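Text of entry-v5.tsv, listed as TSV, C-alpha atoms:
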```tsv
chain	number	residue	atom	x	y	z
Z	1	MET	CA	-45.24	-33.09	54.03
Z	2	LYS	CA	-45.82	-32.10	57.65
Z	3	ASN	CA	-48.45	-29.45	58.28
Z	4	PRO	CA	-46.41	-26.38	59.41
Z	5	TYR	CA	-49.27	-25.25	61.64
Z	6	LEU	CA	-49.41	-28.56	63.54
Z	7	PRO	CA	-47.32	-28.59	66.73
Z	8	TYR	CA	-45.57	-31.60	68.18
Z	9	PRO	CA	-47.13	-32.73	71.49
Z	10	VAL	CA	-44.74	-32.38	74.42
Z	11	LYS	CA	-44.83	-32.78	78.18
Z	12	ILE	CA	-43.35	-30.36	80.70
Z	13	ASP	CA	-40.58	-32.34	82.39
Z	14	ASP	CA	-39.08	-29.66	84.63
Z	15	ILE	CA	-39.47	-25.97	85.48
Z	16	VAL	CA	-36.71	-23.72	86.86
Z	17	VAL	CA	-37.35	-20.21	88.18
Z	18	GLU	CA	-34.42	-18.23	86.81
Z	19	THR	CA	-34.75	-14.73	88.28
Z	20	GLU	CA	-35.53	-13.19	91.64
Z	21	ASP	CA	-38.67	-11.49	90.31
Z	22	LYS	CA	-39.89	-14.95	89.13
Z	23	ASN	CA	-40.85	-13.51	85.74
Z	24	LEU	CA	-38.43	-15.76	83.87
Z	25	LYS	CA	-38.75	-19.53	83.98
Z	26	THR	CA	-36.93	-22.21	82.03
Z	27	PHE	CA	-39.15	-25.07	80.84
Z	28	LYS	CA	-37.76	-28.48	79.94
Z	29	PHE	CA	-39.95	-30.37	77.45
Z	30	VAL	CA	-39.86	-34.00	76.35
Z	31	PHE	CA	-41.57	-35.24	73.21
Z	32	LEU	CA	-44.48	-37.63	73.61
Z	33	ASN	CA	-43.55	-39.41	70.37
Z	34	PRO	CA	-39.94	-40.53	69.68
Z	35	GLU	CA	-40.39	-39.91	65.95
Z	36	ASP	CA	-41.23	-36.27	66.64
Z	37	GLU	CA	-37.99	-35.85	68.56
Z	38	ALA	CA	-36.08	-37.38	65.63
Z	39	ASN	CA	-37.77	-34.95	63.22
Z	40	PHE	CA	-37.05	-31.87	65.35
Z	41	LYS	CA	-33.54	-31.16	64.06
Z	42	TYR	CA	-32.25	-27.70	64.89
Z	43	MET	CA	-29.13	-25.58	65.30
Z	44	PRO	CA	-28.31	-22.83	67.84
Z	45	GLY	CA	-29.95	-19.59	66.78
Z	46	GLN	CA	-33.28	-21.09	65.72
Z	47	PHE	CA	-36.59	-20.61	67.51
Z	48	ALA	CA	-39.92	-22.39	67.88
Z	49	GLU	CA	-43.54	-21.57	68.67
Z	50	LEU	CA	-44.75	-22.72	72.08
Z	51	SER	CA	-48.40	-23.63	71.62
Z	52	VAL	CA	-50.90	-23.66	74.48
Z	53	PRO	CA	-54.31	-25.04	73.43
Z	54	GLY	CA	-57.08	-22.51	73.88
Z	55	LYS	CA	-54.65	-19.65	74.56
Z	56	GLY	CA	-52.42	-19.27	71.52
Z	57	GLU	CA	-48.73	-19.55	70.79
Z	58	ILE	CA	-45.59	-17.52	71.37
Z	59	PRO	CA	-42.25	-17.52	69.46
Z	60	ILE	CA	-39.28	-18.24	71.72
Z	61	GLY	CA	-35.60	-18.87	70.98
Z	62	ILE	CA	-34.44	-22.41	71.69
Z	63	ALA	CA	-32.23	-22.37	74.79
Z	64	SER	CA	-31.08	-25.98	74.64
Z	65	SER	CA	-28.32	-27.19	72.34
Z	66	PRO	CA	-28.70	-29.95	69.74
Z	67	THR	CA	-25.89	-31.67	71.66
Z	68	GLU	CA	-28.30	-32.06	74.60
Z	69	LYS	CA	-30.37	-35.09	73.67
Z	70	GLY	CA	-33.83	-36.14	74.80
Z	71	TYR	CA	-35.35	-32.76	75.58
Z	72	LEU	CA	-35.77	-29.11	74.61
Z	73	THR	CA	-35.53	-26.07	76.87
Z	74	PHE	CA	-37.03	-22.60	76.52
Z	75	THR	CA	-36.71	-19.65	78.87
Z	76	VAL	CA	-40.00	-17.74	78.97
Z	77	ASN	CA	-40.63	-14.19	80.13
Z	78	LYS	CA	-44.08	-13.64	81.65
Z	79	VAL	CA	-45.43	-10.72	79.59
Z	80	GLY	CA	-48.84	-11.67	78.13
Z	81	VAL	CA	-51.75	-14.10	78.02
Z	82	VAL	CA	-49.89	-17.12	76.63
Z	83	THR	CA	-46.75	-16.70	78.70
Z	84	THR	CA	-48.73	-16.05	81.90
Z	85	PHE	CA	-50.76	-19.22	81.33
Z	86	LEU	CA	-47.56	-21.15	80.63
Z	87	HIS	CA	-45.98	-19.84	83.84
Z	88	ASN	CA	-48.95	-21.29	85.74
Z	89	MET	CA	-48.63	-24.74	84.16
Z	90	LYS	CA	-47.10	-27.63	86.09
Z	91	VAL	CA	-44.67	-30.46	85.50
Z	92	GLY	CA	-46.52	-33.19	83.63
Z	93	ASP	CA	-48.82	-30.85	81.71
Z	94	ILE	CA	-49.15	-31.38	77.95
Z	95	MET	CA	-48.81	-28.66	75.31
Z	96	GLY	CA	-47.26	-28.23	71.85
Z	97	ILE	CA	-44.09	-27.04	70.11
Z	98	ARG	CA	-44.06	-25.96	66.47
Z	99	GLY	CA	-40.72	-25.84	64.71
Z	100	PRO	CA	-37.81	-25.60	64.47
Z	101	LEU	CA	-38.14	-22.29	62.66
Z	102	GLY	CA	-35.92	-19.68	61.07
Z	103	ASN	CA	-32.22	-19.83	60.28
Z	104	TRP	CA	-29.27	-20.16	62.63
Z	105	TYR	CA	-25.89	-18.66	63.41
Z	106	PRO	CA	-23.33	-19.31	60.61
Z	107	TRP	CA	-21.59	-22.25	62.27
Z	108	GLU	CA	-19.77	-23.53	59.21
Z	109	GLU	CA	-18.37	-20.07	58.47
Z	110	MET	CA	-17.24	-19.69	62.10
Z	111	GLU	CA	-15.25	-22.92	62.20
Z	112	GLY	CA	-11.59	-22.13	62.77
Z	113	LYS	CA	-12.47	-18.63	63.98
Z	114	ASN	CA	-12.54	-16.91	67.35
Z	115	VAL	CA	-16.11	-16.27	68.52
Z	116	VAL	CA	-17.34	-13.38	70.67
Z	117	ILE	CA	-20.79	-13.91	72.20
Z	118	ILE	CA	-22.56	-10.73	73.38
Z	119	GLY	CA	-25.92	-10.95	75.12
Z	120	GLY	CA	-28.23	-8.90	77.27
Z	121	GLY	CA	-31.20	-9.72	79.47
Z	122	PHE	CA	-33.44	-12.69	78.72
Z	123	ALA	CA	-32.30	-12.69	75.06
Z	124	PHE	CA	-29.37	-14.84	76.18
Z	125	THR	CA	-31.38	-17.98	75.37
Z	126	THR	CA	-30.02	-18.82	71.91
Z	127	LEU	CA	-26.60	-17.68	73.10
Z	128	ARG	CA	-26.77	-20.22	75.93
Z	129	SER	CA	-27.53	-22.80	73.23
Z	130	SER	CA	-24.52	-21.57	71.27
Z	131	VAL	CA	-22.09	-21.75	74.19
Z	132	VAL	CA	-23.18	-25.27	75.13
Z	133	TYR	CA	-22.88	-26.30	71.47
Z	134	MET	CA	-19.35	-24.91	71.09
Z	135	LEU	CA	-18.13	-26.35	74.41
Z	136	HIS	CA	-19.27	-29.87	73.55
Z	137	PRO	CA	-16.15	-32.09	73.32
Z	138	GLN	CA	-16.85	-32.92	69.67
Z	139	ASN	CA	-17.24	-29.24	68.71
Z	140	ARG	CA	-14.75	-27.38	70.91
Z	141	PRO	CA	-11.75	-28.13	68.62
Z	142	LYS	CA	-13.62	-26.51	65.70
Z	143	PHE	CA	-13.47	-23.03	67.23
Z	144	GLY	CA	-10.73	-20.74	68.46
Z	145	LYS	CA	-10.98	-18.47	71.46
Z	146	ILE	CA	-14.51	-18.11	72.88
Z	147	THR	CA	-15.33	-14.86	74.69
Z	148	VAL	CA	-18.68	-14.17	76.34
Z	149	VAL	CA	-20.00	-10.78	77.47
Z	150	TYR	CA	-23.36	-11.14	79.19
Z	151	GLY	CA	-25.25	-8.50	81.12
Z	152	ALA	CA	-28.49	-7.85	82.97
Z	153	ARG	CA	-29.96	-4.90	84.82
Z	154	ASN	CA	-29.02	-6.37	88.22
Z	155	PRO	CA	-27.63	-9.66	89.61
Z	156	GLY	CA	-31.09	-11.03	90.34
Z	157	LEU	CA	-32.02	-10.93	86.63
Z	158	LEU	CA	-29.11	-13.00	85.32
Z	159	LEU	CA	-30.08	-16.30	83.71
Z	160	TYR	CA	-28.43	-19.71	84.06
Z	161	LYS	CA	-26.41	-18.67	87.12
Z	162	GLN	CA	-25.09	-22.16	87.85
Z	163	GLU	CA	-23.86	-22.61	84.30
Z	164	LEU	CA	-22.28	-19.16	84.27
Z	165	MET	CA	-20.22	-20.16	87.30
Z	166	GLU	CA	-19.25	-23.47	85.69
Z	167	TRP	CA	-18.17	-21.75	82.47
Z	168	GLU	CA	-16.15	-19.22	84.44
Z	169	LYS	CA	-14.09	-22.04	85.97
Z	170	ARG	CA	-13.09	-23.41	82.56
Z	171	ASP	CA	-9.86	-22.46	80.85
Z	172	ASP	CA	-11.26	-22.72	77.30
Z	173	ILE	CA	-13.79	-19.89	77.53
Z	174	GLU	CA	-13.44	-16.28	78.73
Z	175	MET	CA	-16.42	-14.96	80.69
Z	176	HIS	CA	-17.27	-11.30	81.35
Z	177	ILE	CA	-20.49	-10.99	83.36
Z	178	THR	CA	-21.84	-7.52	84.04
Z	179	VAL	CA	-24.85	-5.71	85.51
Z	180	ASP	CA	-26.07	-2.17	85.01
Z	181	ALA	CA	-26.11	-1.64	88.78
Z	182	ALA	CA	-25.18	-3.83	91.75
Z	183	ASP	CA	-26.45	-3.17	95.27
Z	184	ASP	CA	-24.86	-6.40	96.52
Z	185	PRO	CA	-21.57	-5.68	98.33
Z	186	ASN	CA	-20.44	-9.21	97.46
Z	187	TRP	CA	-20.82	-8.67	93.71
Z	188	LYS	CA	-17.41	-9.56	92.25
Z	189	TYR	CA	-18.03	-9.11	88.52
Z	190	ASN	CA	-18.32	-6.09	86.23
Z	191	VAL	CA	-20.66	-3.15	86.64
Z	192	GLY	CA	-21.55	-1.34	83.44
Z	193	PHE	CA	-23.60	-1.56	80.27
Z	194	VAL	CA	-22.84	-4.36	77.83
Z	195	PRO	CA	-21.43	-2.11	75.05
Z	196	ALA	CA	-18.96	-0.48	77.46
Z	197	ILE	CA	-17.83	-3.82	78.91
Z	198	THR	CA	-17.45	-5.18	75.38
Z	199	GLU	CA	-15.14	-2.29	74.49
Z	200	GLN	CA	-13.10	-2.89	77.66
Z	201	LYS	CA	-12.80	-6.67	77.52
Z	202	VAL	CA	-12.76	-7.68	73.84
Z	203	LYS	CA	-9.16	-7.06	72.81
Z	204	SER	CA	-9.11	-8.18	69.19
Z	205	SER	CA	-11.31	-8.77	66.17
Z	206	GLU	CA	-8.62	-10.76	64.36
Z	207	ASN	CA	-10.00	-13.91	62.74
Z	208	ALA	CA	-13.19	-13.44	64.77
Z	209	TYR	CA	-16.96	-13.36	64.50
Z	210	ALA	CA	-19.26	-11.53	66.94
Z	211	ILE	CA	-22.75	-12.83	67.71
Z	212	VAL	CA	-25.10	-10.32	69.33
Z	213	CYS	CA	-28.55	-10.95	70.80
Z	214	GLY	CA	-30.31	-8.66	73.22
Z	215	PRO	CA	-32.70	-5.73	73.57
Z	216	PRO	CA	-32.77	-3.44	70.50
Z	217	ILE	CA	-31.14	-0.60	72.44
Z	218	MET	CA	-28.25	-2.85	73.44
Z	219	ILE	CA	-27.79	-4.03	69.86
Z	220	LYS	CA	-27.86	-0.42	68.62
Z	221	PHE	CA	-25.02	0.69	70.89
Z	222	THR	CA	-22.97	-2.50	70.57
Z	223	GLN	CA	-22.68	-2.27	66.75
Z	224	PRO	CA	-20.38	0.80	66.70
Z	225	VAL	CA	-18.24	-0.69	69.47
Z	226	LEU	CA	-17.64	-3.83	67.43
Z	227	GLU	CA	-16.83	-1.82	64.31
Z	228	LYS	CA	-14.42	0.31	66.34
Z	229	LEU	CA	-12.74	-2.91	67.45
Z	230	GLY	CA	-12.33	-3.85	63.80
Z	231	PHE	CA	-15.10	-6.35	63.17
Z	232	PRO	CA	-16.28	-6.05	59.55
Z	233	PRO	CA	-20.07	-5.86	59.09
Z	234	GLU	CA	-20.23	-9.34	57.53
Z	235	ARG	CA	-18.76	-10.80	60.73
Z	236	ILE	CA	-21.16	-9.04	63.09
Z	237	ILE	CA	-24.09	-11.44	63.41
Z	238	LEU	CA	-27.37	-10.19	64.90
Z	239	SER	CA	-30.58	-11.94	65.90
Z	240	LEU	CA	-33.88	-10.10	65.41
Z	241	GLU	CA	-36.02	-12.70	67.16
Z	242	ASN	CA	-37.96	-9.95	68.95
Z	243	ARG	CA	-39.83	-9.35	65.64
Z	244	MET	CA	-41.23	-12.88	65.44
Z	245	LYS	CA	-44.96	-13.39	64.90
Z	246	CYS	CA	-46.49	-16.32	62.95
Z	247	ALA	CA	-43.08	-17.78	62.09
Z	248	ILE	CA	-43.89	-19.04	58.57
Z	249	GLY	CA	-44.16	-15.80	56.58
Z	250	MET	CA	-47.95	-15.66	56.35
Z	251	CYS	CA	-48.94	-12.72	58.55
Z	252	GLY	CA	-46.47	-10.18	57.13
Z	253	ARG	CA	-45.85	-8.55	60.50
Z	254	CYS	CA	-42.15	-9.32	60.85
Z	255	ASN	CA	-40.79	-8.12	57.53
Z	256	VAL	CA	-37.94	-5.65	57.17
Z	257	GLY	CA	-37.91	-4.47	53.59
Z	258	ASP	CA	-38.25	-7.57	51.42
Z	259	GLN	CA	-37.02	-9.91	54.16
Z	260	PHE	CA	-39.34	-11.95	56.36
Z	261	VAL	CA	-37.46	-12.13	59.65
Z	262	CYS	CA	-39.18	-15.41	60.56
Z	263	LYS	CA	-38.13	-17.16	57.33
Z	264	ASP	CA	-35.07	-15.29	56.05
Z	265	GLY	CA	-33.86	-14.73	59.64
Z	266	PRO	CA	-33.96	-14.17	62.53
Z	267	VAL	CA	-30.18	-14.25	62.09
Z	268	PHE	CA	-28.67	-11.59	59.81
Z	269	SER	CA	-25.23	-10.14	59.37
Z	270	LEU	CA	-24.91	-6.40	59.89
Z	271	ALA	CA	-23.80	-6.19	56.25
Z	272	LYS	CA	-27.14	-7.67	55.15
Z	273	LEU	CA	-29.18	-5.45	57.45
Z	274	ARG	CA	-27.54	-2.36	56.02
Z	275	THR	CA	-29.09	-3.19	52.65
Z	276	LEU	CA	-32.55	-3.04	54.24
Z	277	PRO	CA	-34.68	-0.21	55.67
Z	278	PRO	CA	-33.49	0.79	59.17
Z	279	GLU	CA	-36.59	-0.65	60.87
Z	280	TYR	CA	-34.95	-3.25	63.07
```

Take the structure in the file and give it back as structure tokens.
Amino acid sequence: MKNPYLPYPVKIDDIVVETEDKNLKTFKFVFLNPEDEANFKYMPGQFAELSVPGKGEIPIGIASSPTEKGYLTFTVNKVGVVTTFLHNMKVGDIMGIRGPLGNWYPWEEMEGKNVVIIGGGFAFTTLRSSVVYMLHPQNRPKFGKITVVYGARNPGLLLYKQELMEWEKRDDIEMHITVDAADDPNWKYNVGFVPAITEQKVKSSENAYAIVCGPPIMIKFTQPVLEKLGFPPERIILSLENRMKCAIGMCGRCNVGDQFVCKDGPVFSLAKLRTLPPEY
């Protein structure tokens, strides 16, 4: 049995600066050992611990899709010791990845259903994984209409801009990009908070699931919008990855009631969360 504390060695293969403030970078990692890559089997919605020797580790949602072979990607916000050190690392540097960890979005339940993806800020990582997964030619026939509402504070903080434009051109996905405020006169998309844009653009909850990942305040105000649109609580799927700590249920810092978010989650339905203390 593999030691759950032992990370897989990986090499940084590419680094992309995502935002104008340069605080968000996407790292592409390749495994040093082919057998490690084969063992790292994951689904969209899961996360992993990025491990920097001598500095520590940080839990981050997996931004790549299992349909993208040969590498993993993670989008990292520079907020502390580990992430700052990681932001200063270079292509070719060696570090570790521990995982995959946690559960994932209910893909089998969502087959044959319409799917509404709602994301805010840099929490769009596992949602990017989800969109790429659903749009893969082998998977696209499994799902109905795909609608995406994605927002950031301003245009310069949007992630994956090139992919957003590519998705917008497709006829098998409906994109609604928004910002809280736009000082760019050429901005051609929505202006408004994610919950308000969701209420405007999502027309039906019929035969549909909603997946929500974003800042806690965004999640809080999106829930009543989805219920107003007719989504039952068991079909509103939330990710609480912001509560991640050790990732294997040992430190006890992520629990909500009797649930360890890192092991029983981070993905929960709203119906499940309503059986727990309102701590999320």

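As for atom CA of Z:Glu111 and atom CA of Z:Lys145, they are spaced 11.1 Å apart.
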
Margin query: I need the residue nearest Z:Tyr8 from this list: Z:Met43, Z:Val52, Z:Val79, Z:Ile117. Use only C-alpha atoms for the distance.
Written below: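 Using only C-alpha atoms, Z:Tyr8 sits closest to Z:Val52.
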
Margin query: With distances taken over all atoms listed in the file, which residue among Z:Phe85, Z:Phe143, Z:Phe221, Z:Phe260 lies nearest Z:Ile173?
Written below: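 Nearest candidate to Z:Ile173 out of Z:Phe85, Z:Phe143, Z:Phe221, Z:Phe260: Z:Phe143.
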
Margin query: Neighbouring residues of Z:Glu49 were defined as those with any atom within 12 Å, considering all atoms listed in the file; residues of the same chain fewer than 4 positions away were excluded. Please report them as a PyMOL selection string.
Written below: chain Z and resi 4-8+56-62+74+76+82-83+95-102+241+244-248+262

Margin query: Distance cut-off 9 Å, centre (-46.6, -28.9, 82.6) in file coordinates, counting only C-alpha atoms: which residues qualify? Return them as a list in words.
Written below: Lys11, Ile12, Asp13, Asp14, Ile15, Phe27, Phe29, Leu86, Asn88, Met89, Lys90, Val91, Gly92, Asp93, Ile94 and Met95 of chain Z

Check: So which residues touch Z:Lys272 within 8 Å, counting all atoms listed in the file, skipping near sequence neighbours fewer than 4 positions away, as a PyMOL selection string?
Finding: chain Z and resi 234+268+276

Leaving out stretch 196-203 of chain Z and any residue of its chain fewer than 4 positions from it, which residues lie within 12 Å of it when counting all atoms listed in the file, given as an mmCIF file with C-alpha atoms, in the coordinates of the input?
```
data_model
loop_
_atom_site.group_PDB
_atom_site.id
_atom_site.type_symbol
_atom_site.label_atom_id
_atom_site.label_comp_id
_atom_site.auth_asym_id
_atom_site.auth_seq_id
_atom_site.Cartn_x
_atom_site.Cartn_y
_atom_site.Cartn_z
ATOM 1 C CA ASN Z 114 -12.540 -16.910 67.350
ATOM 2 C CA VAL Z 115 -16.110 -16.270 68.520
ATOM 3 C CA VAL Z 116 -17.340 -13.380 70.670
ATOM 4 C CA ILE Z 117 -20.790 -13.910 72.200
ATOM 5 C CA ILE Z 118 -22.560 -10.730 73.380
ATOM 6 C CA GLY Z 119 -25.920 -10.950 75.120
ATOM 7 C CA GLY Z 120 -28.230 -8.900 77.270
ATOM 8 C CA LYS Z 145 -10.980 -18.470 71.460
ATOM 9 C CA ILE Z 146 -14.510 -18.110 72.880
ATOM 10 C CA THR Z 147 -15.330 -14.860 74.690
ATOM 11 C CA VAL Z 148 -18.680 -14.170 76.340
ATOM 12 C CA VAL Z 149 -20.000 -10.780 77.470
ATOM 13 C CA TYR Z 150 -23.360 -11.140 79.190
ATOM 14 C CA GLY Z 151 -25.250 -8.500 81.120
ATOM 15 C CA GLU Z 174 -13.440 -16.280 78.730
ATOM 16 C CA MET Z 175 -16.420 -14.960 80.690
ATOM 17 C CA HIS Z 176 -17.270 -11.300 81.350
ATOM 18 C CA ILE Z 177 -20.490 -10.990 83.360
ATOM 19 C CA THR Z 178 -21.840 -7.520 84.040
ATOM 20 C CA VAL Z 179 -24.850 -5.710 85.510
ATOM 21 C CA ASP Z 180 -26.070 -2.170 85.010
ATOM 22 C CA TYR Z 189 -18.030 -9.110 88.520
ATOM 23 C CA ASN Z 190 -18.320 -6.090 86.230
ATOM 24 C CA VAL Z 191 -20.660 -3.150 86.640
ATOM 25 C CA GLY Z 192 -21.550 -1.340 83.440
ATOM 26 C CA ALA Z 208 -13.190 -13.440 64.770
ATOM 27 C CA TYR Z 209 -16.960 -13.360 64.500
ATOM 28 C CA ALA Z 210 -19.260 -11.530 66.940
ATOM 29 C CA VAL Z 212 -25.100 -10.320 69.330
ATOM 30 C CA MET Z 218 -28.250 -2.850 73.440
ATOM 31 C CA ILE Z 219 -27.790 -4.030 69.860
ATOM 32 C CA PHE Z 221 -25.020 0.690 70.890
ATOM 33 C CA THR Z 222 -22.970 -2.500 70.570
ATOM 34 C CA GLN Z 223 -22.680 -2.270 66.750
ATOM 35 C CA PRO Z 224 -20.380 0.800 66.700
ATOM 36 C CA VAL Z 225 -18.240 -0.690 69.470
ATOM 37 C CA LEU Z 226 -17.640 -3.830 67.430
ATOM 38 C CA GLU Z 227 -16.830 -1.820 64.310
ATOM 39 C CA LYS Z 228 -14.420 0.310 66.340
ATOM 40 C CA LEU Z 229 -12.740 -2.910 67.450
ATOM 41 C CA GLY Z 230 -12.330 -3.850 63.800
ATOM 42 C CA PHE Z 231 -15.100 -6.350 63.170
#
```

Notebook entry, point to check: What is the distance, in Å and to one decimal place, between atom CA of Z:Tyr133 and atom CA of Z:Thr67?
Noted result: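 Distance reported for this atom pair: 6.2 Å.
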
Note to self: If we count only C-alpha atoms and set the cut-off at 6 Å, which residues sit around Z:Pro233, ignoring sequence neighbours fewer than 3 positions away in its own chain? Please answer as an MDAnalysis selection string.
What the structure shows: chainID Z and resid 236 270:271

Item checked: Selected residue, from Z:Lys161, Z:Arg274, Z:Lys169, Z:Lys263, that lies nearest to Z:Val17 when counting all atoms listed in the file -> Z:Lys161

Next item on the list: Counting all atoms listed in the file, figure out which residue out of Z:Val267, Z:Val194, Z:Ile237, Z:Leu273 gets nearest to Z:Ile211.
Entry: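 Checking each candidate against Z:Ile211, we get Z:Ile237 as the closest.
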
Item checked: Of the listed residues Z:Gly80, Z:Gly121, Z:Pro137, Z:Gly70, that which approaches Z:Gly156 most closely, counting all atoms listed in the file ->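 Among the listed residues, the smallest separation from Z:Gly156 belongs to Z:Gly121.
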
Check: Could you work out how far atom CA of Z:Ser204 lies from atom CA of Z:Met110, giving the answer in Å with one decimal?
Finding: 15.8 Å

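In this comparison, which uses only C-alpha atoms, the residue of Z:Val256, Z:Ala152, Z:Val132, Z:Leu159 approaching Z:Lys22 most closely is Z:Leu159.
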
Could you write stretch 180-245 of chain Z of the block just shown to a file containing C-alpha atoms, as a PDB file, in the first residue's frame?
```
ATOM      1  CA  ASP Z 180     -18.068  42.799 -11.166  1.00  0.00           C
ATOM      2  CA  ALA Z 181     -16.828  45.975 -12.858  1.00  0.00           C
ATOM      3  CA  ALA Z 182     -15.298  46.714 -16.262  1.00  0.00           C
ATOM      4  CA  ASP Z 183     -13.262  49.843 -16.965  1.00  0.00           C
ATOM      5  CA  ASP Z 184     -12.403  48.589 -20.452  1.00  0.00           C
ATOM      6  CA  PRO Z 185     -14.606  50.268 -23.089  1.00  0.00           C
ATOM      7  CA  ASN Z 186     -14.067  47.237 -25.331  1.00  0.00           C
ATOM      8  CA  TRP Z 187     -15.508  44.798 -22.784  1.00  0.00           C
ATOM      9  CA  LYS Z 188     -18.282  42.969 -24.651  1.00  0.00           C
ATOM     10  CA  TYR Z 189     -19.487  40.502 -22.025  1.00  0.00           C
ATOM     11  CA  ASN Z 190     -21.650  40.788 -18.918  1.00  0.00           C
ATOM     12  CA  VAL Z 191     -21.145  43.137 -15.999  1.00  0.00           C
ATOM     13  CA  GLY Z 192     -22.600  41.970 -12.713  1.00  0.00           C
ATOM     14  CA  PHE Z 193     -22.146  39.544  -9.851  1.00  0.00           C
ATOM     15  CA  VAL Z 194     -22.300  35.823 -10.611  1.00  0.00           C
ATOM     16  CA  PRO Z 195     -25.595  35.166  -8.742  1.00  0.00           C
ATOM     17  CA  ALA Z 196     -27.373  37.941 -10.669  1.00  0.00           C
ATOM     18  CA  ILE Z 197     -26.026  36.775 -14.032  1.00  0.00           C
ATOM     19  CA  THR Z 198     -27.023  33.210 -13.161  1.00  0.00           C
ATOM     20  CA  GLU Z 199     -30.597  34.352 -12.514  1.00  0.00           C
ATOM     21  CA  GLN Z 200     -30.644  36.243 -15.822  1.00  0.00           C
ATOM     22  CA  LYS Z 201     -29.056  33.633 -18.070  1.00  0.00           C
ATOM     23  CA  VAL Z 202     -30.027  30.206 -16.708  1.00  0.00           C
ATOM     24  CA  LYS Z 203     -33.521  29.684 -18.078  1.00  0.00           C
ATOM     25  CA  SER Z 204     -34.427  26.224 -16.813  1.00  0.00           C
ATOM     26  CA  SER Z 205     -33.611  23.668 -14.141  1.00  0.00           C
ATOM     27  CA  GLU Z 206     -35.418  20.877 -15.995  1.00  0.00           C
ATOM     28  CA  ASN Z 207     -33.415  17.648 -16.040  1.00  0.00           C
ATOM     29  CA  ALA Z 208     -30.383  19.616 -14.844  1.00  0.00           C
ATOM     30  CA  TYR Z 209     -27.603  19.637 -12.277  1.00  0.00           C
ATOM     31  CA  ALA Z 210     -25.776  22.772 -11.103  1.00  0.00           C
ATOM     32  CA  ILE Z 211     -22.124  22.646 -10.043  1.00  0.00           C
ATOM     33  CA  VAL Z 212     -20.913  25.621  -8.012  1.00  0.00           C
ATOM     34  CA  CYS Z 213     -17.360  26.457  -6.975  1.00  0.00           C
ATOM     35  CA  GLY Z 214     -16.181  29.863  -5.862  1.00  0.00           C
ATOM     36  CA  PRO Z 215     -15.647  32.158  -2.894  1.00  0.00           C
ATOM     37  CA  PRO Z 216     -17.920  31.376   0.078  1.00  0.00           C
ATOM     38  CA  ILE Z 217     -19.841  34.635  -0.380  1.00  0.00           C
ATOM     39  CA  MET Z 218     -20.569  33.768  -4.007  1.00  0.00           C
ATOM     40  CA  ILE Z 219     -21.747  30.287  -3.048  1.00  0.00           C
ATOM     41  CA  LYS Z 220     -23.967  31.744  -0.309  1.00  0.00           C
ATOM     42  CA  PHE Z 221     -25.831  34.055  -2.679  1.00  0.00           C
ATOM     43  CA  THR Z 222     -25.960  31.613  -5.604  1.00  0.00           C
ATOM     44  CA  GLN Z 223     -27.790  28.897  -3.620  1.00  0.00           C
ATOM     45  CA  PRO Z 224     -31.122  30.781  -3.305  1.00  0.00           C
ATOM     46  CA  VAL Z 225     -30.949  31.782  -6.979  1.00  0.00           C
ATOM     47  CA  LEU Z 226     -30.656  28.149  -8.036  1.00  0.00           C
ATOM     48  CA  GLU Z 227     -33.506  27.107  -5.755  1.00  0.00           C
ATOM     49  CA  LYS Z 228     -35.639  29.928  -7.147  1.00  0.00           C
ATOM     50  CA  LEU Z 229     -34.904  28.558 -10.620  1.00  0.00           C
ATOM     51  CA  GLY Z 230     -36.189  25.189  -9.461  1.00  0.00           C
ATOM     52  CA  PHE Z 231     -33.047  23.182  -8.787  1.00  0.00           C
ATOM     53  CA  PRO Z 232     -33.700  20.715  -5.946  1.00  0.00           C
ATOM     54  CA  PRO Z 233     -31.032  20.660  -3.200  1.00  0.00           C
ATOM     55  CA  GLU Z 234     -29.797  17.208  -4.234  1.00  0.00           C
ATOM     56  CA  ARG Z 235     -28.957  18.577  -7.693  1.00  0.00           C
ATOM     57  CA  ILE Z 236     -27.044  21.613  -6.445  1.00  0.00           C
ATOM     58  CA  ILE Z 237     -23.456  20.402  -6.120  1.00  0.00           C
ATOM     59  CA  LEU Z 238     -20.957  22.487  -4.147  1.00  0.00           C
ATOM     60  CA  SER Z 239     -17.207  22.214  -3.642  1.00  0.00           C
ATOM     61  CA  LEU Z 240     -15.750  23.217  -0.259  1.00  0.00           C
ATOM     62  CA  GLU Z 241     -12.123  22.897  -1.312  1.00  0.00           C
ATOM     63  CA  ASN Z 242     -11.276  26.142   0.507  1.00  0.00           C
ATOM     64  CA  ARG Z 243     -11.428  24.145   3.787  1.00  0.00           C
ATOM     65  CA  MET Z 244      -8.663  21.726   2.790  1.00  0.00           C
ATOM     66  CA  LYS Z 245      -5.733  21.138   5.139  1.00  0.00           C
TER      67      LYS Z 245
END
```
